>>> print(open('work_13.cif').read())   # mmCIF, N, CA, C and O atoms
data_my_file
#
loop_
_atom_site.label_atom_id
_atom_site.label_comp_id
_atom_site.auth_asym_id
_atom_site.auth_seq_id
_atom_site.Cartn_x
_atom_site.Cartn_y
_atom_site.Cartn_z
N MET A 1 0.84 -1.17 0.00
CA MET A 1 0.00 0.00 0.00
C MET A 1 0.89 1.23 0.00
O MET A 1 1.72 1.43 0.87
N ALA A 2 0.72 2.06 -0.99
CA ALA A 2 1.52 3.27 -1.11
C ALA A 2 0.80 4.45 -0.48
O ALA A 2 -0.42 4.59 -0.58
N VAL A 3 1.58 5.28 0.18
CA VAL A 3 1.03 6.48 0.81
C VAL A 3 1.50 7.67 -0.01
O VAL A 3 2.69 7.83 -0.28
N SER A 4 0.57 8.52 -0.40
CA SER A 4 0.90 9.65 -1.27
C SER A 4 1.65 10.73 -0.50
O SER A 4 1.61 10.81 0.72
N HIS A 5 2.31 11.59 -1.26
CA HIS A 5 3.03 12.72 -0.67
C HIS A 5 2.05 13.70 -0.02
O HIS A 5 2.38 14.33 0.98
N GLU A 6 0.86 13.80 -0.59
CA GLU A 6 -0.15 14.70 -0.01
C GLU A 6 -0.50 14.27 1.41
O GLU A 6 -0.70 15.12 2.29
N PHE A 7 -0.60 12.99 1.63
CA PHE A 7 -0.91 12.49 2.97
C PHE A 7 0.14 12.94 3.97
O PHE A 7 -0.18 13.38 5.07
N TRP A 8 1.41 12.83 3.61
CA TRP A 8 2.49 13.21 4.52
C TRP A 8 2.47 14.70 4.81
O TRP A 8 2.72 15.14 5.93
N TRP A 9 2.16 15.52 3.79
CA TRP A 9 2.06 16.97 4.01
C TRP A 9 0.87 17.31 4.91
O TRP A 9 0.96 18.16 5.79
N ILE A 10 -0.24 16.62 4.69
CA ILE A 10 -1.41 16.83 5.55
C ILE A 10 -1.09 16.40 6.98
O ILE A 10 -1.43 17.10 7.95
N LEU A 11 -0.44 15.27 7.15
CA LEU A 11 -0.07 14.79 8.47
C LEU A 11 0.87 15.77 9.16
O LEU A 11 0.69 16.10 10.34
N LEU A 12 1.86 16.27 8.46
CA LEU A 12 2.79 17.25 9.02
C LEU A 12 2.06 18.54 9.39
O LEU A 12 2.27 19.09 10.48
N GLY A 13 1.19 19.01 8.51
CA GLY A 13 0.46 20.25 8.77
C GLY A 13 -0.46 20.13 9.98
O GLY A 13 -0.49 21.02 10.84
N THR A 14 -1.21 19.06 10.07
CA THR A 14 -2.11 18.89 11.21
C THR A 14 -1.33 18.69 12.51
O THR A 14 -1.77 19.13 13.57
N SER A 15 -0.19 18.04 12.41
CA SER A 15 0.65 17.87 13.61
C SER A 15 1.16 19.23 14.10
O SER A 15 1.13 19.51 15.30
N LEU A 16 1.61 20.07 13.19
CA LEU A 16 2.09 21.39 13.58
C LEU A 16 0.96 22.25 14.16
O LEU A 16 1.16 22.96 15.14
N VAL A 17 -0.21 22.18 13.54
CA VAL A 17 -1.34 22.97 14.02
C VAL A 17 -1.76 22.51 15.42
O VAL A 17 -2.22 23.31 16.24
N THR A 18 -1.59 21.26 15.72
CA THR A 18 -1.91 20.74 17.05
C THR A 18 -0.81 21.05 18.06
O THR A 18 -1.07 21.43 19.19
N TRP A 19 0.42 20.96 17.65
CA TRP A 19 1.56 21.07 18.54
C TRP A 19 1.94 22.52 18.86
O TRP A 19 2.18 22.86 20.02
N LEU A 20 1.96 23.39 17.85
CA LEU A 20 2.43 24.77 18.05
C LEU A 20 1.62 25.56 19.07
O LEU A 20 2.21 26.24 19.92
N PRO A 21 0.28 25.55 19.04
CA PRO A 21 -0.44 26.33 20.05
C PRO A 21 -0.22 25.85 21.48
O PRO A 21 -0.49 26.59 22.42
N ARG A 22 0.25 24.65 21.66
CA ARG A 22 0.52 24.15 23.00
C ARG A 22 1.94 24.44 23.45
O ARG A 22 2.19 24.74 24.62
N VAL A 23 2.88 24.35 22.54
CA VAL A 23 4.28 24.48 22.90
C VAL A 23 4.74 25.93 22.92
O VAL A 23 5.48 26.34 23.82
N LEU A 24 4.32 26.75 21.96
CA LEU A 24 4.79 28.13 21.90
C LEU A 24 4.45 28.94 23.15
O LEU A 24 5.33 29.60 23.70
N PRO A 25 3.20 28.93 23.63
CA PRO A 25 2.95 29.69 24.87
C PRO A 25 3.77 29.17 26.06
O PRO A 25 4.25 29.97 26.86
N LEU A 26 3.93 27.88 26.14
CA LEU A 26 4.72 27.31 27.23
C LEU A 26 6.18 27.76 27.13
O LEU A 26 6.79 28.15 28.13
N ALA A 27 6.73 27.75 25.92
CA ALA A 27 8.12 28.15 25.72
C ALA A 27 8.31 29.63 26.02
O ALA A 27 9.29 30.03 26.65
N VAL A 28 7.37 30.46 25.58
CA VAL A 28 7.50 31.90 25.78
C VAL A 28 7.26 32.27 27.24
O VAL A 28 8.03 33.03 27.83
N LEU A 29 6.20 31.75 27.84
CA LEU A 29 5.85 32.13 29.20
C LEU A 29 6.80 31.56 30.25
O LEU A 29 6.87 32.07 31.37
N SER A 30 7.52 30.49 29.91
CA SER A 30 8.47 29.94 30.88
C SER A 30 9.70 30.85 31.03
O SER A 30 10.41 30.76 32.02
N ARG A 31 9.90 31.75 30.09
CA ARG A 31 11.06 32.65 30.14
C ARG A 31 10.69 34.05 30.64
O ARG A 31 11.56 34.88 30.83
N VAL A 32 9.40 34.30 30.83
CA VAL A 32 8.93 35.62 31.22
C VAL A 32 8.36 35.54 32.63
O VAL A 32 7.69 34.58 32.99
N SER A 33 8.62 36.57 33.41
CA SER A 33 8.05 36.65 34.75
C SER A 33 6.73 37.42 34.66
O SER A 33 6.70 38.59 34.28
N LEU A 34 5.64 36.75 34.99
CA LEU A 34 4.33 37.38 34.91
C LEU A 34 4.03 38.14 36.20
O LEU A 34 4.42 37.71 37.28
N PRO A 35 3.31 39.26 36.08
CA PRO A 35 2.96 40.01 37.28
C PRO A 35 2.03 39.20 38.19
O PRO A 35 1.27 38.35 37.73
N GLU A 36 2.08 39.51 39.48
CA GLU A 36 1.30 38.78 40.46
C GLU A 36 -0.20 38.88 40.21
O GLU A 36 -0.93 37.91 40.36
N TRP A 37 -0.70 40.05 39.78
CA TRP A 37 -2.13 40.21 39.53
C TRP A 37 -2.59 39.31 38.39
O TRP A 37 -3.69 38.77 38.42
N LEU A 38 -1.75 39.12 37.37
CA LEU A 38 -2.10 38.26 36.25
C LEU A 38 -2.11 36.79 36.68
O LEU A 38 -2.99 36.02 36.27
N LEU A 39 -1.16 36.40 37.50
CA LEU A 39 -1.13 35.02 38.01
C LEU A 39 -2.36 34.73 38.86
O LEU A 39 -2.94 33.65 38.77
N ARG A 40 -2.80 35.70 39.68
CA ARG A 40 -4.03 35.52 40.46
C ARG A 40 -5.23 35.37 39.54
O ARG A 40 -6.11 34.55 39.78
N TYR A 41 -5.27 36.17 38.48
CA TYR A 41 -6.37 36.10 37.52
C TYR A 41 -6.37 34.75 36.80
O TYR A 41 -7.41 34.10 36.68
N LEU A 42 -5.22 34.30 36.34
CA LEU A 42 -5.12 33.05 35.60
C LEU A 42 -5.42 31.83 36.47
O LEU A 42 -5.79 30.78 35.95
N HIS A 43 -5.30 31.98 37.76
CA HIS A 43 -5.59 30.89 38.68
C HIS A 43 -7.05 30.44 38.58
O HIS A 43 -7.37 29.27 38.79
N TYR A 44 -7.95 31.36 38.22
CA TYR A 44 -9.38 31.05 38.15
C TYR A 44 -9.85 30.57 36.78
O TYR A 44 -11.00 30.18 36.64
N VAL A 45 -9.00 30.60 35.78
CA VAL A 45 -9.41 30.22 34.42
C VAL A 45 -9.86 28.76 34.34
O VAL A 45 -10.93 28.48 33.77
N PRO A 46 -9.14 27.77 34.89
CA PRO A 46 -9.63 26.39 34.78
C PRO A 46 -11.01 26.18 35.41
O PRO A 46 -11.86 25.50 34.85
N ALA A 47 -11.25 26.79 36.56
CA ALA A 47 -12.56 26.65 37.20
C ALA A 47 -13.65 27.30 36.36
O ALA A 47 -14.77 26.77 36.26
N ALA A 48 -13.36 28.43 35.75
CA ALA A 48 -14.35 29.10 34.92
C ALA A 48 -14.68 28.28 33.68
O ALA A 48 -15.85 28.15 33.29
N VAL A 49 -13.67 27.71 33.05
CA VAL A 49 -13.89 26.89 31.86
C VAL A 49 -14.68 25.63 32.22
O VAL A 49 -15.64 25.26 31.53
N MET A 50 -14.30 24.96 33.31
CA MET A 50 -15.03 23.77 33.73
C MET A 50 -16.48 24.09 34.09
O MET A 50 -17.39 23.33 33.78
N SER A 51 -16.70 25.23 34.73
CA SER A 51 -18.07 25.63 35.08
C SER A 51 -18.91 25.85 33.84
O SER A 51 -20.08 25.44 33.79
N ALA A 52 -18.34 26.49 32.84
CA ALA A 52 -19.08 26.73 31.60
C ALA A 52 -19.41 25.41 30.89
O ALA A 52 -20.53 25.22 30.42
N LEU A 53 -18.45 24.50 30.82
CA LEU A 53 -18.69 23.21 30.18
C LEU A 53 -19.71 22.39 30.96
O LEU A 53 -20.59 21.76 30.37
N LEU A 54 -19.61 22.41 32.27
CA LEU A 54 -20.53 21.67 33.11
C LEU A 54 -21.95 22.22 32.99
O LEU A 54 -22.91 21.46 32.85
N ALA A 55 -22.09 23.52 33.05
CA ALA A 55 -23.42 24.13 32.94
C ALA A 55 -24.07 23.80 31.60
O ALA A 55 -25.26 23.48 31.54
N GLN A 56 -23.29 23.86 30.53
CA GLN A 56 -23.83 23.54 29.21
C GLN A 56 -24.29 22.08 29.14
O GLN A 56 -25.34 21.78 28.60
N GLU A 57 -23.53 21.17 29.72
CA GLU A 57 -23.88 19.75 29.67
C GLU A 57 -25.07 19.42 30.55
O GLU A 57 -25.93 18.63 30.16
N VAL A 58 -25.14 20.03 31.72
CA VAL A 58 -26.19 19.68 32.68
C VAL A 58 -27.49 20.41 32.42
O VAL A 58 -28.57 19.85 32.61
N LEU A 59 -27.42 21.64 31.96
CA LEU A 59 -28.62 22.47 31.86
C LEU A 59 -29.26 22.53 30.48
O LEU A 59 -30.35 23.09 30.34
N THR A 60 -28.59 21.99 29.46
CA THR A 60 -29.16 22.05 28.11
C THR A 60 -29.12 20.67 27.45
O THR A 60 -28.30 19.83 27.80
N ALA A 61 -30.03 20.49 26.50
CA ALA A 61 -30.03 19.28 25.66
C ALA A 61 -30.52 19.69 24.28
O ALA A 61 -31.59 20.30 24.14
N GLU A 62 -29.72 19.39 23.28
CA GLU A 62 -30.05 19.72 21.89
C GLU A 62 -30.36 21.20 21.72
O GLU A 62 -31.28 21.59 21.00
N GLY A 63 -29.61 22.05 22.42
CA GLY A 63 -29.78 23.49 22.28
C GLY A 63 -30.92 24.09 23.06
O GLY A 63 -31.16 25.29 22.99
N GLU A 64 -31.65 23.31 23.82
CA GLU A 64 -32.79 23.79 24.60
C GLU A 64 -32.48 23.68 26.09
O GLU A 64 -31.84 22.74 26.53
N TRP A 65 -32.98 24.65 26.85
CA TRP A 65 -32.82 24.60 28.31
C TRP A 65 -33.67 23.48 28.88
O TRP A 65 -34.80 23.28 28.47
N LEU A 66 -33.14 22.76 29.85
CA LEU A 66 -33.87 21.68 30.51
C LEU A 66 -34.51 22.20 31.79
O LEU A 66 -33.95 23.04 32.49
N SER A 67 -35.65 21.66 32.11
CA SER A 67 -36.32 21.98 33.36
C SER A 67 -35.59 21.29 34.50
O SER A 67 -35.25 20.12 34.40
N PRO A 68 -35.34 21.98 35.60
CA PRO A 68 -34.66 21.33 36.72
C PRO A 68 -35.46 20.17 37.32
O PRO A 68 -34.89 19.24 37.87
N ALA A 69 -36.78 20.19 37.17
CA ALA A 69 -37.62 19.15 37.78
C ALA A 69 -37.38 17.78 37.16
O ALA A 69 -37.31 16.79 37.87
N GLY A 70 -37.25 17.69 35.87
CA GLY A 70 -37.09 16.39 35.22
C GLY A 70 -35.72 16.18 34.63
O GLY A 70 -35.58 15.61 33.56
N ASN A 71 -34.70 16.64 35.34
CA ASN A 71 -33.34 16.59 34.80
C ASN A 71 -32.47 15.66 35.65
O ASN A 71 -31.97 16.06 36.69
N PRO A 72 -32.27 14.41 35.21
CA PRO A 72 -31.45 13.49 36.01
C PRO A 72 -29.99 13.91 36.09
O PRO A 72 -29.31 13.61 37.07
N LYS A 73 -29.49 14.62 35.08
CA LYS A 73 -28.10 15.08 35.14
C LYS A 73 -27.90 16.05 36.29
O LYS A 73 -26.87 16.02 36.96
N LEU A 74 -28.88 16.89 36.51
CA LEU A 74 -28.78 17.85 37.60
C LEU A 74 -28.82 17.13 38.96
O LEU A 74 -28.09 17.50 39.88
N LEU A 75 -29.62 16.09 39.06
CA LEU A 75 -29.66 15.31 40.30
C LEU A 75 -28.35 14.55 40.53
O LEU A 75 -27.89 14.43 41.66
N ALA A 76 -27.75 14.03 39.47
CA ALA A 76 -26.48 13.31 39.60
C ALA A 76 -25.34 14.27 39.94
O ALA A 76 -24.34 13.87 40.54
N LEU A 77 -25.51 15.54 39.57
CA LEU A 77 -24.48 16.53 39.85
C LEU A 77 -24.33 16.78 41.36
O LEU A 77 -23.22 17.02 41.84
N LEU A 78 -25.40 16.69 42.10
CA LEU A 78 -25.35 17.01 43.53
C LEU A 78 -24.41 16.10 44.32
O LEU A 78 -23.51 16.60 45.01
N PRO A 79 -24.54 14.77 44.25
CA PRO A 79 -23.57 13.94 44.99
C PRO A 79 -22.16 14.03 44.41
O PRO A 79 -21.17 13.89 45.13
N THR A 80 -22.08 14.30 43.12
CA THR A 80 -20.76 14.44 42.49
C THR A 80 -20.04 15.67 43.03
O THR A 80 -18.84 15.60 43.36
N LEU A 81 -20.75 16.79 43.13
CA LEU A 81 -20.14 17.99 43.70
C LEU A 81 -19.77 17.79 45.16
O LEU A 81 -18.72 18.25 45.61
N LEU A 82 -20.60 17.08 45.89
CA LEU A 82 -20.30 16.80 47.29
C LEU A 82 -19.02 15.96 47.40
O LEU A 82 -18.15 16.25 48.24
N ALA A 83 -18.89 14.96 46.55
CA ALA A 83 -17.67 14.14 46.56
C ALA A 83 -16.45 14.98 46.18
O ALA A 83 -15.38 14.81 46.76
N ALA A 84 -16.62 15.89 45.23
CA ALA A 84 -15.50 16.74 44.81
C ALA A 84 -15.06 17.66 45.94
O ALA A 84 -13.86 17.83 46.18
N VAL A 85 -16.02 18.24 46.64
CA VAL A 85 -15.69 19.16 47.73
C VAL A 85 -15.07 18.42 48.90
O VAL A 85 -14.09 18.89 49.50
N LEU A 86 -15.61 17.26 49.24
CA LEU A 86 -15.11 16.52 50.40
C LEU A 86 -13.76 15.87 50.16
O LEU A 86 -12.90 15.86 51.05
N THR A 87 -13.56 15.29 48.98
CA THR A 87 -12.30 14.56 48.73
C THR A 87 -11.25 15.39 48.03
O THR A 87 -10.06 15.15 48.22
N ARG A 88 -11.67 16.33 47.21
CA ARG A 88 -10.75 17.13 46.39
C ARG A 88 -9.83 16.25 45.55
O ARG A 88 -8.66 16.57 45.32
N ARG A 89 -10.37 15.12 45.12
CA ARG A 89 -9.63 14.18 44.27
C ARG A 89 -10.49 13.83 43.08
O ARG A 89 -11.73 13.73 43.18
N LEU A 90 -9.86 13.59 41.94
CA LEU A 90 -10.58 13.35 40.71
C LEU A 90 -11.25 11.98 40.68
O LEU A 90 -12.42 11.86 40.31
N LEU A 91 -10.52 10.93 41.04
CA LEU A 91 -11.06 9.57 40.92
C LEU A 91 -12.33 9.35 41.73
O LEU A 91 -13.34 8.88 41.17
N PRO A 92 -12.38 9.69 43.01
CA PRO A 92 -13.65 9.51 43.73
C PRO A 92 -14.78 10.35 43.15
O PRO A 92 -15.93 9.90 43.12
N THR A 93 -14.47 11.52 42.69
CA THR A 93 -15.49 12.38 42.09
C THR A 93 -16.08 11.74 40.84
O THR A 93 -17.30 11.70 40.66
N VAL A 94 -15.21 11.21 39.98
CA VAL A 94 -15.68 10.57 38.76
C VAL A 94 -16.48 9.32 39.08
O VAL A 94 -17.54 9.09 38.49
N VAL A 95 -16.03 8.53 40.02
CA VAL A 95 -16.74 7.30 40.40
C VAL A 95 -18.12 7.63 40.95
O VAL A 95 -19.13 7.00 40.57
N VAL A 96 -18.21 8.61 41.82
CA VAL A 96 -19.51 9.01 42.38
C VAL A 96 -20.42 9.54 41.28
O VAL A 96 -21.61 9.22 41.23
N GLY A 97 -19.87 10.33 40.37
CA GLY A 97 -20.68 10.86 39.27
C GLY A 97 -21.21 9.78 38.36
O GLY A 97 -22.40 9.79 37.98
N ILE A 98 -20.37 8.83 38.01
CA ILE A 98 -20.80 7.73 37.14
C ILE A 98 -21.83 6.87 37.85
O ILE A 98 -22.86 6.49 37.27
N ALA A 99 -21.59 6.58 39.13
CA ALA A 99 -22.54 5.76 39.89
C ALA A 99 -23.88 6.47 40.04
O ALA A 99 -24.94 5.86 39.87
N ALA A 100 -23.85 7.75 40.33
CA ALA A 100 -25.09 8.51 40.48
C ALA A 100 -25.87 8.55 39.19
O ALA A 100 -27.10 8.34 39.18
N MET A 101 -25.19 8.78 38.10
CA MET A 101 -25.88 8.83 36.80
C MET A 101 -26.41 7.45 36.41
O MET A 101 -27.52 7.33 35.90
N ALA A 102 -25.63 6.41 36.67
CA ALA A 102 -26.07 5.05 36.36
C ALA A 102 -27.32 4.68 37.16
O ALA A 102 -28.27 4.10 36.61
N LEU A 103 -27.33 5.01 38.43
CA LEU A 103 -28.50 4.72 39.26
C LEU A 103 -29.72 5.50 38.81
O LEU A 103 -30.83 4.97 38.78
N LEU A 104 -29.52 6.77 38.46
CA LEU A 104 -30.65 7.57 38.00
C LEU A 104 -31.21 7.07 36.68
O LEU A 104 -32.41 7.05 36.47
N VAL A 105 -30.33 6.68 35.76
CA VAL A 105 -30.78 6.16 34.48
C VAL A 105 -31.51 4.83 34.68
O VAL A 105 -32.53 4.56 34.06
N ARG A 106 -30.99 4.02 35.58
CA ARG A 106 -31.59 2.70 35.83
C ARG A 106 -32.98 2.79 36.48
O ARG A 106 -33.89 2.07 36.13
N PHE A 107 -33.10 3.69 37.44
CA PHE A 107 -34.33 3.75 38.22
C PHE A 107 -35.21 4.96 37.92
O PHE A 107 -36.24 5.14 38.56
N TRP A 108 -34.83 5.82 37.04
CA TRP A 108 -35.59 7.06 36.75
C TRP A 108 -36.81 6.76 35.94
O TRP A 108 -37.06 6.30 35.00
#
>>> encode(input="work_13.cif", output="structure tokens")
Amino acid sequence: MAVSHEFWWILLGTSLVTWLPRVLPLAVLSRVSLPEWLLRYLHYVPAAVMSALLAQEVLTAEGEWLSPAGNPKLLALLPTLLAAVLTRRLLPTVVVGIAAMALLVRFW
């Protein structure tokens, strides 16, 4: 099976497009001292992004807002958040979330 030259160029191009946005900021910012106020601001970015993704997944379906009354995802979120706050570890949080959602799907 022969692989065309176009394939290799496409593979190289997509690899660079994936790699450069991750490596360049790391390379540049590792050599620069950022001000304290910016570091405090950047500290909240992961939580803000996760909150936005979580809200979109839990509160909407197919572009429509879900009612809190008949929303099993919202009910599964409650024990999951409790596990996250109490343990502050990813694995127990994920296990509780999966178990809560599985139980709700099974018995809802």
>>> atom_distance(input="work_13.cif", atom1="atom N of A:Ala83", atom2="atom N of A:Leu59")
18.2 Å
>>> atom_distance(input="work_13.cif", atom1="atom O of A:Leu26", atom2="atom C of A:Met50")
24.4 Å
>>> closest_residue(input="work_13.cif", among="A:Thr87, A:Thr80, A:Gln56, A:Asn71", to="A:Ala100", atoms="only C-alpha atoms")
A:Thr80
>>> atom_distance(input="work_13.cif", atom1="atom CA of A:Gly13", atom2="atom CA of A:Met1")
22.1 Å
>>> select_by_dssp(input="work_13.cif", residues="chain A", states="helix (DSSP H, G or I)", output="ChimeraX atom specification")
/A:5-29,36-43,45-59,72-87,90-107
>>> select_by_dssp(input="work_13.cif", residues="chain A", states="strand (DSSP E or B)", output="list in words")
Thr60, Ala61, Glu64 and Trp65 of chain A
>>> closest_residue(input="work_13.cif", among="A:Leu82, A:Ala76, A:Val49, A:Leu38", to="A:Ala99", atoms="only N, CA, C and O atoms")
A:Ala76
